[in-house]
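Colleague: Following this line is entry_2.cif, made up of mmCIF, C-alpha atoms:
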```cif
data_start
#
loop_
_atom_site.group_PDB
_atom_site.id
_atom_site.type_symbol
_atom_site.label_atom_id
_atom_site.label_comp_id
_atom_site.auth_asym_id
_atom_site.auth_seq_id
_atom_site.Cartn_x
_atom_site.Cartn_y
_atom_site.Cartn_z
ATOM 1 C CA MET A 993 -16.163 15.952 5.163
ATOM 2 C CA ASN A 994 -16.437 16.328 8.925
ATOM 3 C CA SER A 995 -14.074 15.522 11.728
ATOM 4 C CA SER A 996 -15.817 12.272 12.633
ATOM 5 C CA ALA A 997 -15.125 10.960 9.139
ATOM 6 C CA VAL A 998 -11.394 11.385 9.419
ATOM 7 C CA GLN A 999 -10.551 10.130 12.861
ATOM 8 C CA SER A 1000 -8.654 6.881 13.198
ATOM 9 C CA THR A 1001 -11.245 5.159 15.415
ATOM 10 C CA PRO A 1002 -14.551 4.840 13.550
ATOM 11 C CA ARG A 1003 -17.619 3.332 15.179
ATOM 12 C CA PRO A 1004 -17.859 -0.452 15.005
ATOM 13 C CA GLY A 1005 -20.513 -1.985 12.784
ATOM 14 C CA LEU A 1006 -20.750 -2.314 9.042
ATOM 15 C CA SER A 1007 -17.365 -0.587 8.720
ATOM 16 C CA ASP A 1008 -15.700 -3.630 10.341
ATOM 17 C CA THR A 1009 -16.337 -5.517 7.103
ATOM 18 C CA ALA A 1010 -16.739 -2.712 4.583
ATOM 19 C CA TYR A 1011 -13.488 -0.849 5.286
ATOM 20 C CA PRO A 1012 -11.163 -3.868 4.841
ATOM 21 C CA LEU A 1013 -12.941 -4.998 1.660
ATOM 22 C CA LEU A 1014 -12.923 -1.503 0.188
ATOM 23 C CA PHE A 1015 -9.251 -1.102 1.082
ATOM 24 C CA VAL A 1016 -8.325 -4.337 -0.715
ATOM 25 C CA ALA A 1017 -10.342 -3.351 -3.794
ATOM 26 C CA LEU A 1018 -8.725 0.090 -4.036
ATOM 27 C CA TRP A 1019 -5.192 -0.976 -3.075
ATOM 28 C CA SER A 1020 -5.213 -3.715 -5.718
ATOM 29 C CA THR A 1021 -5.719 -1.175 -8.500
ATOM 30 C CA GLY A 1022 -2.327 0.376 -7.702
ATOM 31 C CA PHE A 1023 -0.510 -2.300 -9.701
ATOM 32 C CA ILE A 1024 -2.843 -1.648 -12.642
ATOM 33 C CA GLY A 1025 -2.236 2.109 -12.410
ATOM 34 C CA ALA A 1026 1.511 1.534 -12.425
ATOM 35 C CA LYS A 1027 1.214 -0.703 -15.487
ATOM 36 C CA LEU A 1028 -0.784 1.987 -17.327
ATOM 37 C CA GLY A 1029 1.488 4.902 -16.433
ATOM 38 C CA LEU A 1030 5.043 3.552 -16.440
ATOM 39 C CA PRO A 1031 5.379 3.291 -20.256
ATOM 40 C CA PHE A 1032 5.354 7.099 -20.337
ATOM 41 C CA VAL A 1033 7.570 8.029 -17.377
ATOM 42 C CA GLU A 1034 10.354 6.614 -15.235
ATOM 43 C CA PRO A 1035 9.236 5.170 -11.878
ATOM 44 C CA LEU A 1036 10.741 7.616 -9.377
ATOM 45 C CA THR A 1037 9.734 10.627 -11.486
ATOM 46 C CA PHE A 1038 6.212 9.203 -11.618
ATOM 47 C CA LEU A 1039 6.127 8.939 -7.831
ATOM 48 C CA ALA A 1040 7.608 12.418 -7.293
ATOM 49 C CA VAL A 1041 4.822 13.967 -9.399
ATOM 50 C CA ARG A 1042 2.174 11.822 -7.739
ATOM 51 C CA PHE A 1043 3.335 12.644 -4.210
ATOM 52 C CA ALA A 1044 3.600 16.369 -4.994
ATOM 53 C CA ILE A 1045 0.011 16.524 -6.275
ATOM 54 C CA VAL A 1046 -1.298 14.590 -3.285
ATOM 55 C CA THR A 1047 0.548 16.881 -0.862
ATOM 56 C CA VAL A 1048 -0.903 20.024 -2.414
ATOM 57 C CA LEU A 1049 -4.372 18.496 -2.562
ATOM 58 C CA MET A 1050 -4.388 17.333 1.062
ATOM 59 C CA LEU A 1051 -2.887 20.632 2.257
ATOM 60 C CA ALA A 1052 -5.813 22.459 0.641
ATOM 61 C CA VAL A 1053 -8.267 20.036 2.282
ATOM 62 C CA ALA A 1054 -6.608 20.420 5.690
ATOM 63 C CA ARG A 1055 -6.683 24.219 5.479
ATOM 64 C CA TRP A 1056 -10.268 24.331 4.184
ATOM 65 C CA PHE A 1057 -11.600 22.171 7.013
ATOM 66 C CA ARG A 1058 -9.202 23.626 9.600
ATOM 67 C CA ALA A 1059 -7.887 20.211 10.474
ATOM 68 C CA PRO A 1060 -5.874 19.905 13.684
ATOM 69 C CA TRP A 1061 -2.116 19.447 13.389
ATOM 70 C CA PRO A 1062 0.142 17.480 15.756
ATOM 71 C CA ARG A 1063 1.099 19.492 18.812
ATOM 72 C CA SER A 1064 4.640 18.205 19.289
ATOM 73 C CA ALA A 1065 7.684 17.990 17.047
ATOM 74 C CA ARG A 1066 8.092 14.362 18.062
ATOM 75 C CA GLN A 1067 4.630 13.496 16.699
ATOM 76 C CA TRP A 1068 5.423 15.311 13.453
ATOM 77 C CA LEU A 1069 8.592 13.245 13.163
ATOM 78 C CA HIS A 1070 6.850 9.917 13.848
ATOM 79 C CA ILE A 1071 4.150 10.602 11.241
ATOM 80 C CA ALA A 1072 6.752 11.706 8.679
ATOM 81 C CA VAL A 1073 8.901 8.601 9.221
ATOM 82 C CA SER A 1074 5.892 6.293 8.917
ATOM 83 C CA GLY A 1075 4.909 8.024 5.678
ATOM 84 C CA LEU A 1076 8.387 7.747 4.215
ATOM 85 C CA LEU A 1077 8.428 3.999 4.918
ATOM 86 C CA VAL A 1078 4.845 3.131 3.934
ATOM 87 C CA HIS A 1079 4.687 5.352 0.845
ATOM 88 C CA GLY A 1080 8.184 6.334 -0.213
ATOM 89 C CA VAL A 1081 10.169 3.132 0.331
ATOM 90 C CA TYR A 1082 7.295 0.774 -0.458
ATOM 91 C CA LEU A 1083 6.040 2.453 -3.622
ATOM 92 C CA GLY A 1084 9.546 3.356 -4.750
ATOM 93 C CA GLY A 1085 10.444 -0.334 -4.651
ATOM 94 C CA VAL A 1086 7.225 -1.506 -6.305
ATOM 95 C CA PHE A 1087 7.357 1.020 -9.155
ATOM 96 C CA THR A 1088 11.059 0.414 -9.760
ATOM 97 C CA ALA A 1089 10.553 -3.367 -9.858
ATOM 98 C CA ILE A 1090 7.652 -3.112 -12.324
ATOM 99 C CA GLY A 1091 9.493 -0.469 -14.333
ATOM 100 C CA HIS A 1092 12.465 -2.833 -14.694
ATOM 101 C CA GLY A 1093 10.225 -5.562 -16.082
ATOM 102 C CA LEU A 1094 9.220 -7.616 -13.038
ATOM 103 C CA PRO A 1095 5.604 -8.768 -13.561
ATOM 104 C CA SER A 1096 3.181 -7.197 -11.123
ATOM 105 C CA GLY A 1097 2.134 -10.660 -9.922
ATOM 106 C CA ILE A 1098 5.664 -11.530 -8.805
ATOM 107 C CA THR A 1099 6.041 -8.110 -7.200
ATOM 108 C CA ALA A 1100 2.833 -8.748 -5.305
ATOM 109 C CA LEU A 1101 4.110 -12.166 -4.220
ATOM 110 C CA VAL A 1102 7.305 -10.686 -2.737
ATOM 111 C CA VAL A 1103 5.337 -7.984 -0.936
ATOM 112 C CA GLY A 1104 2.967 -10.773 0.095
ATOM 113 C CA LEU A 1105 5.580 -11.889 2.618
ATOM 114 C CA GLN A 1106 4.644 -8.832 4.663
ATOM 115 C CA PRO A 1107 1.992 -10.494 6.858
ATOM 116 C CA LEU A 1108 4.435 -13.199 7.914
ATOM 117 C CA LEU A 1109 7.192 -10.689 8.669
ATOM 118 C CA THR A 1110 4.723 -8.468 10.511
ATOM 119 C CA ALA A 1111 3.533 -11.379 12.636
ATOM 120 C CA LEU A 1112 7.110 -12.280 13.540
ATOM 121 C CA ALA A 1113 7.899 -8.713 14.593
ATOM 122 C CA ALA A 1114 4.559 -7.784 16.178
ATOM 123 C CA GLY A 1115 5.132 -9.988 19.209
ATOM 124 C CA LEU A 1116 8.604 -8.617 19.819
ATOM 125 C CA LEU A 1117 7.961 -4.936 19.083
ATOM 126 C CA LEU A 1118 4.261 -4.397 19.828
ATOM 127 C CA GLY A 1119 3.523 -7.122 22.357
ATOM 128 C CA GLU A 1120 0.819 -8.627 20.137
ATOM 129 C CA ARG A 1121 0.102 -12.309 20.642
ATOM 130 C CA VAL A 1122 -0.182 -14.246 17.396
ATOM 131 C CA ARG A 1123 -2.249 -17.383 18.009
ATOM 132 C CA PRO A 1124 -1.631 -20.736 16.270
ATOM 133 C CA ALA A 1125 -4.775 -20.321 14.163
ATOM 134 C CA GLN A 1126 -3.467 -16.977 12.921
ATOM 135 C CA TRP A 1127 -0.117 -18.535 11.987
ATOM 136 C CA CYS A 1128 -1.979 -21.180 10.014
ATOM 137 C CA GLY A 1129 -4.021 -18.499 8.296
ATOM 138 C CA LEU A 1130 -0.926 -16.490 7.388
ATOM 139 C CA ALA A 1131 0.811 -19.547 5.934
ATOM 140 C CA LEU A 1132 -2.326 -20.544 4.045
ATOM 141 C CA GLY A 1133 -2.706 -17.036 2.662
ATOM 142 C CA PHE A 1134 0.846 -16.982 1.353
ATOM 143 C CA ALA A 1135 0.377 -20.393 -0.265
ATOM 144 C CA GLY A 1136 -2.718 -19.065 -2.023
ATOM 145 C CA VAL A 1137 -0.848 -16.017 -3.315
ATOM 146 C CA ALA A 1138 1.940 -18.270 -4.621
ATOM 147 C CA LEU A 1139 -0.581 -20.359 -6.536
ATOM 148 C CA VAL A 1140 -2.123 -17.232 -8.088
ATOM 149 C CA VAL A 1141 1.180 -15.959 -9.497
ATOM 150 C CA ALA A 1142 2.943 -19.295 -10.136
ATOM 151 C CA GLN A 1143 2.413 -19.103 -13.906
ATOM 152 C CA LYS A 1144 3.876 -15.583 -14.105
ATOM 153 C CA ILE A 1145 6.939 -16.587 -12.102
ATOM 154 C CA ALA A 1146 7.706 -19.321 -14.629
ATOM 155 C CA SER A 1147 7.658 -16.768 -17.466
ATOM 156 C CA VAL A 1148 10.572 -14.688 -16.107
ATOM 157 C CA PRO A 1149 14.132 -15.705 -17.098
ATOM 158 C CA SER A 1150 15.980 -16.928 -14.027
ATOM 159 C CA GLN A 1151 19.137 -14.945 -14.848
ATOM 160 C CA ALA A 1152 17.188 -11.659 -14.793
ATOM 161 C CA LEU A 1153 14.898 -12.490 -11.884
ATOM 162 C CA LEU A 1154 17.365 -11.786 -9.052
ATOM 163 C CA ALA A 1155 18.180 -8.231 -10.196
ATOM 164 C CA MET A 1156 14.493 -7.482 -10.704
ATOM 165 C CA LEU A 1157 13.620 -8.792 -7.238
ATOM 166 C CA LEU A 1158 15.853 -6.400 -5.275
ATOM 167 C CA PRO A 1159 13.524 -3.349 -5.520
ATOM 168 C CA ALA A 1160 10.572 -5.571 -4.579
ATOM 169 C CA VAL A 1161 12.439 -6.754 -1.478
ATOM 170 C CA VAL A 1162 13.123 -3.116 -0.566
ATOM 171 C CA ALA A 1163 9.390 -2.464 -0.932
ATOM 172 C CA LEU A 1164 8.639 -5.411 1.359
ATOM 173 C CA VAL A 1165 10.956 -4.059 4.063
ATOM 174 C CA GLY A 1166 9.445 -0.587 3.716
ATOM 175 C CA ILE A 1167 5.788 -1.582 4.073
ATOM 176 C CA THR A 1168 6.535 -4.003 6.927
ATOM 177 C CA CYS A 1169 8.626 -1.543 8.932
ATOM 178 C CA GLY A 1170 6.232 1.301 8.143
ATOM 179 C CA THR A 1171 3.167 -0.589 9.369
ATOM 180 C CA LEU A 1172 4.876 -1.600 12.609
ATOM 181 C CA TYR A 1173 6.340 1.870 13.153
ATOM 182 C CA GLN A 1174 3.005 3.595 12.652
ATOM 183 C CA LYS A 1175 1.177 1.149 14.907
ATOM 184 C CA ARG A 1176 3.814 1.675 17.618
ATOM 185 C CA PHE A 1177 4.429 5.422 17.514
ATOM 186 C CA CYS A 1178 1.503 7.155 15.773
ATOM 187 C CA PRO A 1179 -1.538 4.875 15.402
ATOM 188 C CA ALA A 1180 -4.031 7.753 15.480
ATOM 189 C CA PHE A 1181 -3.828 11.133 13.757
ATOM 190 C CA ASP A 1182 -6.057 13.379 11.680
ATOM 191 C CA LEU A 1183 -6.010 11.964 8.158
ATOM 192 C CA ARG A 1184 -6.108 15.379 6.475
ATOM 193 C CA SER A 1185 -3.138 17.040 8.153
ATOM 194 C CA GLY A 1186 -1.390 13.713 8.735
ATOM 195 C CA SER A 1187 -1.395 12.938 5.006
ATOM 196 C CA VAL A 1188 0.446 16.178 4.320
ATOM 197 C CA ILE A 1189 3.095 15.299 6.905
ATOM 198 C CA GLN A 1190 3.442 11.765 5.545
ATOM 199 C CA TYR A 1191 3.839 12.773 1.901
ATOM 200 C CA LEU A 1192 6.194 15.752 2.315
ATOM 201 C CA PRO A 1193 9.328 13.646 2.945
ATOM 202 C CA CYS A 1194 8.268 11.332 0.133
ATOM 203 C CA VAL A 1195 8.175 14.229 -2.340
ATOM 204 C CA ALA A 1196 11.665 15.321 -1.299
ATOM 205 C CA ALA A 1197 13.128 11.805 -1.388
ATOM 206 C CA MET A 1198 11.648 10.862 -4.773
ATOM 207 C CA ALA A 1199 12.622 14.193 -6.344
ATOM 208 C CA VAL A 1200 16.241 13.865 -5.206
ATOM 209 C CA LEU A 1201 16.552 10.214 -6.262
ATOM 210 C CA ALA A 1202 14.875 10.851 -9.610
ATOM 211 C CA SER A 1203 17.166 13.795 -10.360
ATOM 212 C CA LEU A 1204 20.207 11.619 -9.643
ATOM 213 C CA THR A 1205 19.166 8.449 -11.496
ATOM 214 C CA GLU A 1206 16.565 9.364 -14.135
ATOM 215 C CA THR A 1207 15.998 11.782 -17.030
ATOM 216 C CA MET A 1208 12.732 13.049 -15.398
ATOM 217 C CA GLN A 1209 11.043 13.238 -18.808
ATOM 218 C CA ILE A 1210 7.274 12.673 -18.986
ATOM 219 C CA GLN A 1211 5.032 11.946 -21.969
ATOM 220 C CA TRP A 1212 1.743 13.624 -21.036
ATOM 221 C CA THR A 1213 -0.548 11.225 -22.873
ATOM 222 C CA GLY A 1214 -4.177 10.633 -22.020
ATOM 223 C CA GLN A 1215 -3.362 7.204 -20.628
ATOM 224 C CA PHE A 1216 -0.638 8.605 -18.386
ATOM 225 C CA MET A 1217 -2.864 11.394 -17.074
ATOM 226 C CA PHE A 1218 -5.637 8.906 -16.330
ATOM 227 C CA ALA A 1219 -3.175 6.642 -14.463
ATOM 228 C CA LEU A 1220 -1.778 9.602 -12.526
ATOM 229 C CA GLY A 1221 -5.219 10.873 -11.579
ATOM 230 C CA TRP A 1222 -6.319 7.412 -10.497
ATOM 231 C CA LEU A 1223 -3.247 6.833 -8.355
ATOM 232 C CA VAL A 1224 -3.549 10.263 -6.742
ATOM 233 C CA LEU A 1225 -7.265 10.219 -5.913
ATOM 234 C CA VAL A 1226 -8.103 6.547 -5.498
ATOM 235 C CA LEU A 1227 -4.824 5.225 -4.079
ATOM 236 C CA SER A 1228 -2.983 8.041 -2.316
ATOM 237 C CA VAL A 1229 -6.131 9.655 -0.923
ATOM 238 C CA GLY A 1230 -8.745 6.899 -0.731
ATOM 239 C CA ALA A 1231 -6.818 3.680 -0.092
ATOM 240 C CA VAL A 1232 -4.143 5.257 2.102
ATOM 241 C CA SER A 1233 -6.795 6.932 4.280
ATOM 242 C CA LEU A 1234 -8.430 3.540 4.757
ATOM 243 C CA LEU A 1235 -5.052 1.977 5.585
ATOM 244 C CA ASN A 1236 -4.452 4.599 8.283
ATOM 245 C CA LEU A 1237 -7.926 3.929 9.704
ATOM 246 C CA LEU A 1238 -7.297 0.182 9.793
ATOM 247 C CA ILE A 1239 -3.864 0.545 11.419
ATOM 248 C CA GLY A 1240 -5.369 2.765 14.097
ATOM 249 C CA ARG A 1241 -8.182 0.402 15.000
ATOM 250 C CA GLY A 1242 -6.775 -3.122 14.534
ATOM 251 C CA SER A 1243 -3.764 -5.265 15.278
ATOM 252 C CA ALA A 1244 -0.782 -5.084 12.974
ATOM 253 C CA VAL A 1245 -1.232 -8.759 12.032
ATOM 254 C CA ASN A 1246 -4.876 -8.294 11.071
ATOM 255 C CA VAL A 1247 -4.082 -5.294 8.893
ATOM 256 C CA ALA A 1248 -1.105 -6.985 7.255
ATOM 257 C CA SER A 1249 -3.133 -10.108 6.435
ATOM 258 C CA LEU A 1250 -5.291 -8.039 4.069
ATOM 259 C CA PHE A 1251 -2.333 -7.704 1.710
ATOM 260 C CA TYR A 1252 -2.739 -11.390 0.847
ATOM 261 C CA LEU A 1253 -5.937 -10.451 -0.986
ATOM 262 C CA THR A 1254 -4.170 -7.925 -3.226
ATOM 263 C CA PRO A 1255 -2.603 -10.325 -5.785
ATOM 264 C CA PRO A 1256 -5.835 -12.302 -6.379
ATOM 265 C CA THR A 1257 -7.842 -9.101 -6.700
ATOM 266 C CA THR A 1258 -5.226 -7.597 -9.027
ATOM 267 C CA ALA A 1259 -5.350 -10.755 -11.141
ATOM 268 C CA LEU A 1260 -9.130 -10.470 -11.438
ATOM 269 C CA ILE A 1261 -8.884 -6.810 -12.453
ATOM 270 C CA ALA A 1262 -6.183 -7.604 -15.033
ATOM 271 C CA TRP A 1263 -8.383 -10.402 -16.398
ATOM 272 C CA ALA A 1264 -11.315 -8.010 -16.766
ATOM 273 C CA LEU A 1265 -9.363 -5.053 -18.201
ATOM 274 C CA PHE A 1266 -6.460 -6.595 -20.112
ATOM 275 C CA ASP A 1267 -7.859 -10.034 -20.965
ATOM 276 C CA GLU A 1268 -5.082 -11.752 -19.002
ATOM 277 C CA THR A 1269 -5.733 -15.441 -18.535
ATOM 278 C CA LEU A 1270 -6.603 -17.024 -15.222
ATOM 279 C CA SER A 1271 -5.553 -20.649 -14.876
ATOM 280 C CA GLY A 1272 -7.370 -23.192 -12.778
ATOM 281 C CA LEU A 1273 -4.415 -23.134 -10.389
ATOM 282 C CA ALA A 1274 -4.828 -19.369 -9.963
ATOM 283 C CA LEU A 1275 -8.522 -19.750 -9.180
ATOM 284 C CA VAL A 1276 -7.716 -22.368 -6.545
ATOM 285 C CA GLY A 1277 -5.082 -20.011 -5.132
ATOM 286 C CA MET A 1278 -7.634 -17.228 -4.785
ATOM 287 C CA VAL A 1279 -9.896 -19.459 -2.699
ATOM 288 C CA VAL A 1280 -6.952 -20.571 -0.544
ATOM 289 C CA ALA A 1281 -5.797 -16.964 -0.021
ATOM 290 C CA VAL A 1282 -9.277 -15.823 1.028
ATOM 291 C CA ALA A 1283 -9.524 -18.738 3.467
ATOM 292 C CA GLY A 1284 -6.129 -17.863 4.910
ATOM 293 C CA VAL A 1285 -7.049 -14.219 5.473
ATOM 294 C CA TRP A 1286 -10.340 -15.225 7.100
ATOM 295 C CA LEU A 1287 -8.486 -17.539 9.475
ATOM 296 C CA ALA A 1288 -5.768 -14.969 10.260
ATOM 297 C CA ARG A 1289 -8.350 -12.297 11.133
ATOM 298 C CA GLN A 1290 -10.481 -14.367 13.492
ATOM 299 C CA GLY A 1291 -10.986 -13.017 16.984
ATOM 300 C CA LYS A 1292 -10.184 -14.826 20.176
#
```
Let me see whether you can do it: turn the structure in this file into structure tokens.
Modeller:
Amino acid sequence: MNSSAVQSTPRPGLSDTAYPLLFVALWSTGFIGAKLGLPFVEPLTFLAVRFAIVTVLMLAVARWFRAPWPRSARQWLHIAVSGLLVHGVYLGGVFTAIGHGLPSGITALVVGLQPLLTALAAGLLLGERVRPAQWCGLALGFAGVALVVAQKIASVPSQALLAMLLPAVVALVGITCGTLYQKRFCPAFDLRSGSVIQYLPCVAAMAVLASLTETMQIQWTGQFMFALGWLVLVLSVGAVSLLNLLIGRGSAVNVASLFYLTPPTTALIAWALFDETLSGLALVGMVVAVAGVWLARQGK
């Protein structure tokens, strides 16, 4: 790994297409990893262990490659706050929702509101202009996501749905605020040292919350260790590094629109790995979601 590989402004070219597609593919596996690991550990304990391992791993990488660290306390604070929102609040909400029985598809649908919320706030907070075509793309993308998960929504008892939805709503607020905050205050930082700064407050927050609300017991099965390793290396290192690159180089709306592709991709992975059915309506929704993201990401 060299310094040019970890800066937040890569050269234009093939990466303009490859990075977003790779991010969607990796990010979508997070719901699968949660499904594999949560039977053996409570959600906040799972995240505390995951964040701790990632912090140690990235600290070793930063020291080995002598990565630069932020020069001011203010920059340290901005990076830490963005990490707490994007990783701690978002993943804490997602894992808690799935751990309480909310299907991953419905969780993804709630979080799928993020592009619309980001577009609403980007103009006010970041001065980004969202064009009519982008609004149409965002609405189309959300409609596609709703079609993909419609069958799963119908399977959840209505009396239990509201309580299950609260952590997912918290996750939605976290990822939306975190994306906007990072784009506004710290769009570019070294991904090796910056990851350490982002995950440190997450470790502390998850450890405290888990100690107050959970038993913190873990069943160290092979399936759990595989899920943990996958979430650490593929998600917290790979996908999050790509997310930081994309936030640094693109508009907040363009980055947020990629999250519309997560539920369809997750559904395809679940179909391949767990033999979950895909209805004709879901397949139509996937096409609609892809069309919406394409429209939302078009240039001037």
Colleague: Counting all atoms listed in the file, give me one row per residue of range 1039-1064 of chain A with an atom at most 6 Å from an atom of range 1178-1196 of chain A, showing the shortest contact pair and its distance in Å to one decimal, sorted by chain then residue number, as CSV.
Modeller:
```
residue,atom,partner,partner_atom,distance
A:Ala1040,CA,A:Val1195,CA,5.3
A:Phe1043,CA,A:Val1195,CA,5.4
A:Ala1044,CA,A:Val1195,CA,5.7
A:Thr1047,CA,A:Val1188,CA,5.2
A:Met1050,CA,A:Val1188,CA,5.9
A:Leu1051,CA,A:Val1188,CA,5.9
A:Ala1054,CA,A:Arg1184,CA,5.1
A:Trp1061,CA,A:Ser1185,CA,5.9
```
Colleague: Would you write out, as a PDB file with C-alpha atoms, keeping the file's coordinate frame, every residue that the PyMOL selection byres ((chain A and resi 1033) around 8) captures in this file?
Modeller:
```pdb
ATOM      1  CA  GLY A1029       1.488   4.902 -16.433  1.00  0.00           C
ATOM      2  CA  LEU A1030       5.043   3.552 -16.440  1.00  0.00           C
ATOM      3  CA  PRO A1031       5.379   3.291 -20.256  1.00  0.00           C
ATOM      4  CA  PHE A1032       5.354   7.099 -20.337  1.00  0.00           C
ATOM      5  CA  GLU A1034      10.354   6.614 -15.235  1.00  0.00           C
ATOM      6  CA  PRO A1035       9.236   5.170 -11.878  1.00  0.00           C
ATOM      7  CA  THR A1037       9.734  10.627 -11.486  1.00  0.00           C
ATOM      8  CA  PHE A1038       6.212   9.203 -11.618  1.00  0.00           C
ATOM      9  CA  MET A1208      12.732  13.049 -15.398  1.00  0.00           C
ATOM     10  CA  GLN A1209      11.043  13.238 -18.808  1.00  0.00           C
ATOM     11  CA  ILE A1210       7.274  12.673 -18.986  1.00  0.00           C
ATOM     12  CA  GLN A1211       5.032  11.946 -21.969  1.00  0.00           C
TER      13      GLN A1211
END
```
Colleague: Please write as a PyMOL selection string the full residue list that the PyMOL selection byres ((chain A and resi 1157-1173) around 9) yields on this file.
Modeller: chain A and resi 1070+1073-1090+1094+1098-1100+1102-1107+1109-1110+1113-1114+1117-1118+1152-1156+1174-1179+1239+1244+1247-1248
Colleague: Just checking: using only C-alpha atoms, which residue out of A:Ala1202, A:Val1046, A:Ile1024, A:Leu1036 ends up closest to Pro1255 in chain A?
Modeller: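 Among A:Ala1202, A:Val1046, A:Ile1024, A:Leu1036, it is A:Ile1024 that comes nearest to Pro1255 in chain A.
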Colleague: Hey, can you check how far CA of Ser1020 in chain A sits from CA of Thr1257 in chain A?
Modeller: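 Computing the Euclidean distance for CA of Ser1020 in chain A and CA of Thr1257 in chain A yields 6.1 Å.
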Colleague: Using all atoms listed in the file, which residue out of A:Leu1039, A:Leu1014, A:Val1280, A:Leu1234 lies closest to Pro1256 in chain A?
Modeller: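 The shortest atom-to-atom distance to Pro1256 in chain A comes from A:Val1280.
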Colleague: Give me the box for range 1085-1104 of chain A as AutoDock Vina command-line options, namely the centre and edge lengths in Å to one decimal of a box along x, y and z that holds every listed atom plus 5 Å on each side.
Modeller:
```
--center_x 7.3 --center_y -5.6 --center_z -8.0 --size_x 20.3 --size_y 23.2 --size_z 26.2
```
Colleague: With distances taken over all atoms listed in the file, which residue among A:Val1224, A:Leu1235, A:Ile1071, A:Leu1201 lies nearest Val1048 in chain A?
Modeller: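 Among A:Val1224, A:Leu1235, A:Ile1071, A:Leu1201, it is A:Val1224 that comes nearest to Val1048 in chain A.
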Colleague: Using all atoms listed in the file, which of the listed residues (A:Trp1056, A:Trp1127, A:Phe1134, A:Tyr1011) sits closest to Phe1251 in chain A?
Modeller: A:Phe1134
Colleague: Grab the CA of Gly1025 in chain A to CA of His1092 in chain A distance for me, in Å with one decimal place.
Modeller: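 CA of His1092 in chain A lies 15.7 Å from CA of Gly1025 in chain A.
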Colleague: Which value, in Å to one decimal, gives the distance between CA of Phe1023 in chain A and CA of Leu1253 in chain A?
Modeller: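 Answer for the CA of Phe1023 in chain A to CA of Leu1253 in chain A separation: 13.1 Å.
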